[in-house]
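*Asks:* What follows is protein-v7.pdb; its format and atoms are PDB, C-alpha atoms and all ligand atoms.
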ATOM      1  CA  MET A 942       0.000   0.000   0.000
ATOM      2  CA  ASP A 943       1.139   3.528  -0.714
ATOM      3  CA  ALA A 944       1.670   4.946   2.774
ATOM      4  CA  THR A 945       1.346   8.518   1.503
ATOM      5  CA  ALA A 946      -2.334   7.805   0.897
ATOM      6  CA  LEU A 947      -2.828   7.386   4.621
ATOM      7  CA  THR A 948      -1.404  10.601   5.950
ATOM      8  CA  SER A 949      -4.195  13.141   5.632
ATOM      9  CA  PRO A 950      -7.748  13.457   4.367
ATOM     10  CA  ALA A 951      -8.120  14.373   0.706
ATOM     11  CA  SER A 952      -9.848  17.617   1.556
ATOM     12  CA  LEU A 953     -12.517  19.060  -0.654
ATOM     13  CA  CYS A 954     -10.894  22.056  -2.312
ATOM     14  CA  THR A 955     -13.756  23.480  -4.298
ATOM     15  CA  PHE A 956     -14.869  26.416  -6.400
ATOM     16  CA  PRO A 957     -17.982  28.461  -5.595
ATOM     17  CA  ASP A 958     -19.798  26.743  -8.454
ATOM     18  CA  SER A 959     -18.291  23.287  -7.999
ATOM     19  CA  LEU A 960     -20.313  20.299  -9.111
ATOM     20  CA  TYR A 961     -20.090  16.986  -7.282
ATOM     21  CA  VAL A 962     -20.546  13.553  -8.792
ATOM     22  CA  GLY A 963     -20.301  10.728  -6.321
ATOM     23  CA  VAL A 964     -21.345   7.187  -5.641
ATOM     24  CA  SER A 965     -21.823   5.016  -2.589
ATOM     25  CA  THR A 966     -21.688   1.251  -2.865
ATOM     26  CA  LYS A 967     -23.852   0.896   0.257
ATOM     27  CA  MET A 968     -23.518  -2.849   1.078
ATOM     28  CA  TYR A 969     -24.024  -4.120  -2.462
ATOM     29  CA  MET A 970     -20.452  -5.257  -3.158
ATOM     30  CA  GLY A 971     -18.067  -7.706  -1.540
ATOM     31  CA  TYR A 972     -14.432  -6.814  -0.961
ATOM     32  CA  ALA A 973     -12.945  -8.202  -4.183
ATOM     33  CA  ARG A 974     -15.802  -6.833  -6.294
ATOM     34  CA  SER A 975     -15.413  -3.414  -4.633
ATOM     35  CA  LEU A 976     -11.743  -3.223  -5.622
ATOM     36  CA  GLU A 977     -12.391  -4.419  -9.167
ATOM     37  CA  TRP A 978     -15.131  -1.803  -9.569
ATOM     38  CA  LEU A 979     -12.974   0.912  -7.952
ATOM     39  CA  GLU A 980     -10.250   0.278 -10.506
ATOM     40  CA  GLN A 981     -12.850   0.784 -13.237
ATOM     41  CA  LEU A 982     -14.042   3.979 -11.562
ATOM     42  CA  VAL A 983     -10.496   5.338 -11.317
ATOM     43  CA  ALA A 984     -10.046   4.541 -15.012
ATOM     44  CA  GLU A 985     -13.198   6.543 -15.824
ATOM     45  CA  VAL A 986     -11.777   9.499 -13.889
ATOM     46  CA  ASP A 987      -8.281   9.159 -15.368
ATOM     47  CA  ALA A 988      -9.803   9.156 -18.855
ATOM     48  CA  ARG A 989     -11.030  12.691 -18.160
ATOM     49  CA  PRO A 990      -7.926  14.780 -17.369
ATOM     50  CA  ALA A 991     -10.043  17.949 -17.311
ATOM     51  CA  LEU A 992     -11.299  16.787 -13.913
ATOM     52  CA  ALA A 993      -7.923  17.760 -12.476
ATOM     53  CA  ALA A 994      -8.998  21.401 -12.871
ATOM     54  CA  GLY A 995     -11.292  20.732  -9.955
ATOM     55  CA  ARG A 996     -14.637  22.296 -10.862
ATOM     56  CA  VAL A 997     -16.253  18.859 -11.041
ATOM     57  CA  VAL A 998     -15.438  16.939  -7.879
ATOM     58  CA  PRO A 999     -15.798  13.150  -8.186
ATOM     59  CA  PHE A1000     -16.115  11.087  -5.032
ATOM     60  CA  VAL A1001     -16.522   7.446  -4.133
ATOM     61  CA  ILE A1002     -17.831   5.915  -0.928
ATOM     62  CA  PRO A1003     -17.051   2.214  -0.485
ATOM     63  CA  SER A1004     -17.581   0.075   2.617
ATOM     64  CA  PHE A1005     -15.307   0.643   5.629
ATOM     65  CA  PRO A1006     -12.990  -2.376   5.126
ATOM     66  CA  VAL A1007     -12.260  -1.244   1.578
ATOM     67  CA  LEU A1008     -11.057   2.221   2.611
ATOM     68  CA  PRO A1009      -7.298   1.546   3.058
ATOM     69  CA  ALA A1010      -6.980  -0.184  -0.311
ATOM     70  CA  ALA A1011      -9.245   2.415  -1.892
ATOM     71  CA  ALA A1012      -7.035   5.213  -0.544
ATOM     72  CA  ALA A1013      -4.088   3.676  -2.361
ATOM     73  CA  LEU A1014      -6.130   3.235  -5.563
ATOM     74  CA  VAL A1015      -7.322   6.853  -5.690
ATOM     75  CA  ALA A1016      -3.962   8.367  -4.690
ATOM     76  CA  GLY A1017      -2.960  10.901  -7.318
ATOM     77  CA  SER A1018      -6.430  10.999  -8.822
ATOM     78  CA  PRO A1019      -9.032  13.742  -8.249
ATOM     79  CA  LEU A1020     -11.372  11.078  -6.882
ATOM     80  CA  VAL A1021     -12.173  12.007  -3.262
ATOM     81  CA  LEU A1022     -12.636   9.121  -0.876
ATOM     82  CA  GLY A1023     -15.657   9.032   1.392
ATOM     83  CA  ALA A1024     -17.055   6.876   4.178
ATOM     84  CA  GLN A1025     -20.646   5.742   4.600
ATOM     85  CA  ASN A1026     -20.947   6.569   8.285
ATOM     86  CA  CYS A1027     -18.950   7.544  11.350
ATOM     87  CA  GLY A1028     -19.125   7.532  15.103
ATOM     88  CA  TRP A1029     -19.095  10.756  17.058
ATOM     89  CA  ALA A1030     -16.187  10.285  19.441
ATOM     90  CA  ASP A1031     -13.059   8.317  20.122
ATOM     91  CA  GLY A1032     -13.158   5.936  23.081
ATOM     92  CA  PRO A1033     -15.550   3.288  24.423
ATOM     93  CA  TRP A1034     -17.915   2.946  21.463
ATOM     94  CA  THR A1035     -17.570  -0.711  20.423
ATOM     95  CA  GLY A1036     -18.211  -1.325  16.764
ATOM     96  CA  GLU A1037     -18.127   2.316  15.693
ATOM     97  CA  VAL A1038     -15.511   4.021  13.509
ATOM     98  CA  ALA A1039     -14.195   7.378  14.684
ATOM     99  CA  PRO A1040     -13.886  10.250  12.212
ATOM    100  CA  SER A1041     -10.309  10.716  13.414
ATOM    101  CA  MET A1042      -9.454   7.248  12.079
ATOM    102  CA  LEU A1043     -11.248   7.997   8.815
ATOM    103  CA  ALA A1044      -9.122  11.119   8.480
ATOM    104  CA  GLU A1045      -5.978   9.010   8.988
ATOM    105  CA  LEU A1046      -7.155   6.783   6.148
ATOM    106  CA  GLY A1047      -7.417   9.701   3.749
ATOM    107  CA  VAL A1048     -11.184  10.069   3.867
ATOM    108  CA  GLY A1049     -12.307  13.524   2.732
ATOM    109  CA  LEU A1050     -16.054  13.305   3.271
ATOM    110  CA  VAL A1051     -18.456  11.187   5.252
ATOM    111  CA  GLU A1052     -22.130  10.432   4.768
ATOM    112  CA  ILE A1053     -24.189  11.380   7.779
ATOM    113  CA  GLY A1054     -27.909  10.863   8.232
ATOM    114  CA  HIS A1055     -28.575   8.714   5.187
ATOM    115  CA  ALA A1056     -32.236   7.661   5.058
ATOM    116  CA  GLU A1057     -31.193   4.046   5.581
ATOM    117  CA  ARG A1058     -29.309   4.977   8.770
ATOM    118  CA  ARG A1059     -32.252   7.015  10.009
ATOM    119  CA  ARG A1060     -34.759   4.248   9.189
ATOM    120  CA  HIS A1061     -32.946   1.014  10.061
ATOM    121  CA  PHE A1062     -30.598   2.244  12.791
ATOM    122  CA  ALA A1063     -32.903   4.797  14.416
ATOM    123  CA  GLU A1064     -30.499   7.683  13.890
ATOM    124  CA  ASP A1065     -32.324  10.821  14.917
ATOM    125  CA  ASP A1066     -31.476  14.488  14.561
ATOM    126  CA  ALA A1067     -29.499  14.466  17.827
ATOM    127  CA  VAL A1068     -27.241  11.630  16.675
ATOM    128  CA  VAL A1069     -26.842  13.243  13.279
ATOM    129  CA  ALA A1070     -25.777  16.505  14.944
ATOM    130  CA  LEU A1071     -23.177  14.711  17.082
ATOM    131  CA  LYS A1072     -21.729  13.037  13.989
ATOM    132  CA  VAL A1073     -21.661  16.273  11.999
ATOM    133  CA  GLY A1074     -19.742  17.995  14.790
ATOM    134  CA  ALA A1075     -17.306  15.107  15.101
ATOM    135  CA  ALA A1076     -16.653  14.945  11.364
ATOM    136  CA  VAL A1077     -16.018  18.671  11.125
ATOM    137  CA  GLY A1078     -13.762  18.431  14.166
ATOM    138  CA  SER A1079     -11.689  15.833  12.334
ATOM    139  CA  GLY A1080     -11.428  17.932   9.187
ATOM    140  CA  ILE A1081     -13.812  15.763   7.176
ATOM    141  CA  THR A1082     -16.640  17.259   5.140
ATOM    142  CA  PRO A1083     -20.037  15.906   6.221
ATOM    143  CA  LEU A1084     -22.165  14.779   3.300
ATOM    144  CA  LEU A1085     -25.423  15.432   5.112
ATOM    145  CA  CYS A1086     -28.270  13.354   3.687
ATOM    146  CA  VAL A1087     -31.744  14.822   3.973
ATOM    147  CA  GLY A1088     -35.078  14.176   2.337
ATOM    148  CA  GLU A1089     -38.802  13.942   2.858
ATOM    149  CA  ALA A1090     -40.439  10.553   3.381
ATOM    150  CA  GLU A1091     -43.271  10.977   0.887
ATOM    151  CA  ALA A1092     -43.642  13.029  -2.272
ATOM    152  CA  CYS A1093     -45.412  16.262  -1.385
ATOM    153  CA  ALA A1094     -45.572  19.876  -2.450
ATOM    154  CA  PRO A1095     -42.024  21.026  -3.289
ATOM    155  CA  GLU A1096     -42.278  23.919  -0.828
ATOM    156  CA  ALA A1097     -43.234  21.514   1.977
ATOM    157  CA  ALA A1098     -40.367  19.188   1.073
ATOM    158  CA  ALA A1099     -37.945  22.115   1.108
ATOM    159  CA  GLU A1100     -39.199  23.230   4.511
ATOM    160  CA  PHE A1101     -38.760  19.703   5.877
ATOM    161  CA  VAL A1102     -35.191  19.335   4.631
ATOM    162  CA  PHE A1103     -34.324  22.866   5.765
ATOM    163  CA  HIS A1104     -35.269  21.843   9.300
ATOM    164  CA  GLN A1105     -33.249  18.634   8.979
ATOM    165  CA  ILE A1106     -30.218  20.739   8.040
ATOM    166  CA  LYS A1107     -30.829  23.215  10.874
ATOM    167  CA  ALA A1108     -31.101  20.335  13.363
ATOM    168  CA  ALA A1109     -27.941  18.698  12.029
ATOM    169  CA  VAL A1110     -25.916  21.787  12.897
ATOM    170  CA  SER A1111     -27.916  22.660  16.035
ATOM    171  CA  GLY A1112     -28.726  25.997  14.425
ATOM    172  CA  ASP A1113     -25.047  26.865  13.934
ATOM    173  CA  TRP A1114     -25.042  28.288  10.415
ATOM    174  CA  ALA A1115     -21.269  28.699  10.381
ATOM    175  CA  MET A1116     -21.098  24.921  10.855
ATOM    176  CA  ALA A1117     -23.634  24.484   8.037
ATOM    177  CA  ALA A1118     -21.252  26.255   5.679
ATOM    178  CA  ARG A1119     -18.926  23.233   6.089
ATOM    179  CA  LEU A1120     -21.467  20.777   4.669
ATOM    180  CA  VAL A1121     -22.298  19.268   1.344
ATOM    181  CA  ILE A1122     -26.027  18.506   1.274
ATOM    182  CA  ALA A1123     -27.299  15.342  -0.399
ATOM    183  CA  TYR A1124     -30.986  15.915  -1.051
ATOM    184  CA  GLU A1125     -32.400  12.420  -1.306
ATOM    185  CA  PRO A1126     -36.184  12.113  -1.216
ATOM    186  CA  VAL A1127     -36.659   8.886   0.715
ATOM    187  CA  TRP A1128     -39.361   7.709  -1.661
ATOM    188  CA  ALA A1129     -36.969   7.998  -4.634
ATOM    189  CA  ILE A1130     -34.149   5.913  -3.113
ATOM    190  CA  GLY A1131     -33.970   2.390  -4.537
ATOM    191  CA  ALA A1132     -36.719   3.172  -7.052
ATOM    192  CA  PRO A1133     -36.747   2.404 -10.776
ATOM    193  CA  GLU A1134     -36.592   6.119 -11.629
ATOM    194  CA  PRO A1135     -35.446   9.291  -9.877
ATOM    195  CA  ALA A1136     -37.799  12.026  -8.736
ATOM    196  CA  SER A1137     -38.774  14.220 -11.658
ATOM    197  CA  ALA A1138     -36.281  16.888 -12.641
ATOM    198  CA  GLN A1139     -38.955  19.540 -12.179
ATOM    199  CA  TYR A1140     -39.712  18.384  -8.623
ATOM    200  CA  VAL A1141     -36.037  18.205  -7.639
ATOM    201  CA  SER A1142     -35.290  21.621  -9.102
ATOM    202  CA  MET A1143     -38.265  23.178  -7.318
ATOM    203  CA  VAL A1144     -37.358  21.635  -3.943
ATOM    204  CA  VAL A1145     -33.714  22.673  -4.240
ATOM    205  CA  GLY A1146     -34.715  26.167  -5.407
ATOM    206  CA  ALA A1147     -36.984  26.649  -2.396
ATOM    207  CA  LEU A1148     -34.307  25.203  -0.111
ATOM    208  CA  ARG A1149     -31.740  27.633  -1.506
ATOM    209  CA  ASP A1150     -34.117  30.534  -0.815
ATOM    210  CA  ALA A1151     -34.397  29.427   2.824
ATOM    211  CA  LEU A1152     -30.644  28.875   3.156
ATOM    212  CA  ALA A1153     -29.934  32.277   1.595
ATOM    213  CA  GLN A1154     -31.557  33.923   4.615
ATOM    214  CA  HIS A1155     -28.651  32.508   6.623
ATOM    215  CA  GLY A1156     -25.950  33.459   4.132
ATOM    216  CA  LEU A1157     -25.825  29.985   2.609
ATOM    217  CA  SER A1158     -27.234  30.442  -0.890
ATOM    218  CA  GLY A1159     -24.097  28.820  -2.318
ATOM    219  CA  LEU A1160     -24.157  25.699  -0.156
ATOM    220  CA  PRO A1161     -23.626  22.651  -2.389
ATOM    221  CA  VAL A1162     -26.879  20.690  -2.712
ATOM    222  CA  ILE A1163     -26.641  17.525  -4.767
ATOM    223  CA  TYR A1164     -29.439  15.124  -5.671
ATOM    224  CA  GLY A1165     -29.587  11.403  -4.922
ATOM    225  CA  GLY A1166     -32.269   8.771  -5.359
ATOM    226  CA  SER A1167     -32.115   6.469  -8.391
ATOM    227  CA  ALA A1168     -30.018   9.080 -10.198
ATOM    228  CA  LYS A1169     -28.601   8.014 -13.540
ATOM    229  CA  PRO A1170     -27.113   9.438 -16.742
ATOM    230  CA  GLY A1171     -29.427  11.930 -18.423
ATOM    231  CA  LEU A1172     -30.762  13.473 -15.208
ATOM    232  CA  LEU A1173     -28.182  16.150 -14.402
ATOM    233  CA  PRO A1174     -28.647  18.191 -17.610
ATOM    234  CA  GLN A1175     -32.368  18.442 -16.785
ATOM    235  CA  LEU A1176     -31.808  19.883 -13.313
ATOM    236  CA  SER A1177     -31.665  23.533 -12.396
ATOM    237  CA  GLY A1178     -29.772  24.915  -9.411
ATOM    238  CA  VAL A1179     -28.536  21.485  -8.316
ATOM    239  CA  SER A1180     -24.827  21.006  -7.547
ATOM    240  CA  GLY A1181     -24.419  17.470  -8.839
ATOM    241  CA  LEU A1182     -25.533  13.904  -8.293
ATOM    242  CA  PHE A1183     -25.128  11.263  -5.627
ATOM    243  CA  LEU A1184     -25.386   7.955  -7.434
ATOM    244  CA  GLY A1185     -26.136   4.487  -6.146
ATOM    245  CA  ARG A1186     -27.125   1.405  -8.125
ATOM    246  CA  PHE A1187     -26.919   3.079 -11.498
ATOM    247  CA  ALA A1188     -23.169   3.593 -11.075
ATOM    248  CA  HIS A1189     -22.478  -0.077 -10.414
ATOM    249  CA  ASP A1190     -21.678   0.047 -14.108
ATOM    250  CA  ALA A1191     -18.639   2.335 -13.874
ATOM    251  CA  ALA A1192     -19.244   3.586 -17.411
ATOM    252  CA  ASN A1193     -22.399   5.302 -16.146
ATOM    253  CA  PHE A1194     -20.271   7.213 -13.634
ATOM    254  CA  GLY A1195     -18.146   8.393 -16.554
ATOM    255  CA  ARG A1196     -21.261   9.455 -18.462
ATOM    256  CA  VAL A1197     -22.455  11.570 -15.531
ATOM    257  CA  LEU A1198     -18.980  13.099 -15.202
ATOM    258  CA  ASP A1199     -19.222  14.133 -18.859
ATOM    259  CA  GLU A1200     -22.627  15.661 -18.233
ATOM    260  CA  ALA A1201     -21.279  17.575 -15.237
ATOM    261  CA  MET A1202     -18.272  18.869 -17.174
ATOM    262  CA  ALA A1203     -20.636  20.056 -19.922
ATOM    263  CA  GLN A1204     -22.719  22.099 -17.469
ATOM    264  CA  PRO A1205     -22.313  25.863 -17.832
ATOM    265  CA  THR A1206     -20.710  27.617 -14.882
ATOM    266  CA  GLY A1207     -23.016  29.292 -12.391
ATOM    267  CA  CYS A1208     -25.732  26.643 -12.780
TER     268      CYS A1208
HETATM  269  O1  LIG A1301     -26.437   6.515  -1.624
HETATM  270  C1  LIG A1301     -27.047   6.711  -2.648
HETATM  271  C2  LIG A1301     -28.470   6.984  -2.668
HETATM  272  O2  LIG A1301     -29.143   6.548  -1.530
HETATM  273  C3  LIG A1301     -29.154   6.578  -3.926
HETATM  274  O3  LIG A1301     -29.151   5.196  -4.126
HETATM  275  P1  LIG A1301     -29.914   4.620  -5.402
HETATM  276  O4  LIG A1301     -29.457   5.419  -6.577
HETATM  277  O5  LIG A1301     -29.516   3.193  -5.484
HETATM  278  O6  LIG A1301     -31.379   4.839  -5.152
END
Take the structure I supplied and represent it as C-alpha cells, if you would.

*Replies:*
Amino acid sequence: MDATALTSPASLCTFPDSLYVGVSTKMYMGYARSLEWLEQLVAEVDARPALAAGRVVPFVIPSFPVLPAAAALVAGSPLVLGAQNCGWADGPWTGEVAPSMLAELGVGLVEIGHAERRRHFAEDDAVVALKVGAAVGSGITPLLCVGEAEACAPEAAAEFVFHQIKAAVSGDWAMAARLVIAYEPVWAIGAPEPASAQYVSMVVGALRDALAQHGLSGLPVIYGGSAKPGLLPQLSGVSGLFLGRFAHDAANFGRVLDEAMAQPTGC
C-alpha cells in the first residue's frame, strides 16, 4: 500500500460553483468486487484529465474495510474518498468508527444521516448533529443526507429538509457552511426512476431561498435517489448527483462526469 495515501484526508478544495458527482456502494459489493469496480471507476476518472482542474469533484464511498486499499487506488487521482458513516467520538464505542481514524485513512467526506441509517438504525437528529460535529472536528466534510419521506408539495419538502439541516448543525449556520447537502427524497431511493427533474429543481430552489436567509445560498446541494445518466442536464440549481445502483456500471459514472463537465458555470 502507498503509505502517503494514509497521511491526511483528501480535503474538498472546491470552487464556488463546484459540481459533485459521487457514488456510494452501500452494502451491495463484496471486498474483491469493490476493488475491481474501484479500478474501473479510477479509469473513468483518469480518462477525463479535465477533472484535475477541480470544478467537477468526483467522489466514491465504499464500505469501511475497503477504505485503506481504496485510498491507495485513488492516490494521485481527483477522486475524493468518502465513508458511509462515522461515530461521534473516540473511546468506548464498540463497533463504531471514529472520524479521526477515517481522516488518517485519507477520507475527505463522510455520509451522515442517510435515510437508511435514520430508518434502520434509528439515527435521529441528535445523533446526526453529534456526527456532523465530530466529522467537522476531524477535518472531514459531512455529506449530510436529507429528504422527505413521501412526495409532497415542493415547498413543503424544502421546509422539511431545511429543518433537517438546521437540526444537524444545532442551528449553527457557520457549521452548516462546512457541509455538502445530499438531497435524497426517501421515496426515490432504490426506485426504478429518480424524482422528476422539475420536482427536484423546485425543492432545491426553495431550499436555496431558505438557506440564503442565513448566508448559505451557495451551499452545495446535490441530488440522490435512483439518479442516472441523463438526469443532471435536466436539473436547475442542483450542484451534482449522488449515485447508487446506477453507477455499479462504472461507465455510467463516466457518463455523468461528462454531463457535469458540460454544465455551464453558475448553474
Ligand atoms: O447513496 C445513494 C443513494 O441513496 C441513492 O441510491 P440509489 O441510486 O440506489 O437509489

*Asks:* Check every protein, DNA and RNA residue against ligand LIG 1301 (chain A), keep those with an atom at most 10 Å away (counting only C-alpha atoms and all ligand atoms), and present them as a PyMOL selection string.

*Replies:* chain A and resi 963-967+969+1002+1025+1052+1055-1057+1086+1123-1135+1164-1169+1182-1189

*Asks:* With all atoms listed in the file as the atoms that count, which of A:Ala1147, A:Met1202, A:Val1121, A:Ala991 lies nearest to A:Val1162?

*Replies:*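 Distance minimum relative to A:Val1162 lands on A:Val1121.
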
*Asks:* Using only C-alpha atoms, which residues sit within 10 Å of A:Met970 once same-chain residues fewer than 4 positions away are excluded, as a list in words?

*Replies:* Thr966, Arg974, Ser975, Leu976, Trp978, Pro1003, Ser1004 and His1189 of chain A

*Asks:* A:Val1015, A:Leu1046, A:Val1179, A:Val1007: which is nearest A:Val983, counting only C-alpha atoms?

*Replies:*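 Under the stated criterion, the closest residue is A:Val1015.
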
*Asks:* Give me the residues within 8 Å of A:Asp1066 as a list in words, counting all atoms listed in the file and dropping any in the same chain fewer than 6 places off.

*Replies:*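 Contacts, with the query itself left out: Gln1105, Ala1108 and Ala1109 of chain A.
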
*Asks:* Atom CA of A:Leu1022 to atom CA of A:Phe1000: how many Å, to one decimal?

*Replies:*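 If I compute the distance from atom CA of A:Leu1022 to atom CA of A:Phe1000, I get 5.8 Å.
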
*Asks:* Need to verify the contact set: A:Gln981, 9 Å, only C-alpha atoms, exclusion of same-chain residues closer than 5 positions in sequence. Can you return it as an MDAnalysis selection string?

*Replies:* chainID A and resid 976 986 1190:1192

*Asks:* So what do you get for atom CA of A:Ser1079 versus atom CA of A:Arg1119, distance-wise?

*Replies:*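 Straight-line distance from atom CA of A:Ser1079 to atom CA of A:Arg1119 works out to 12.1 Å.
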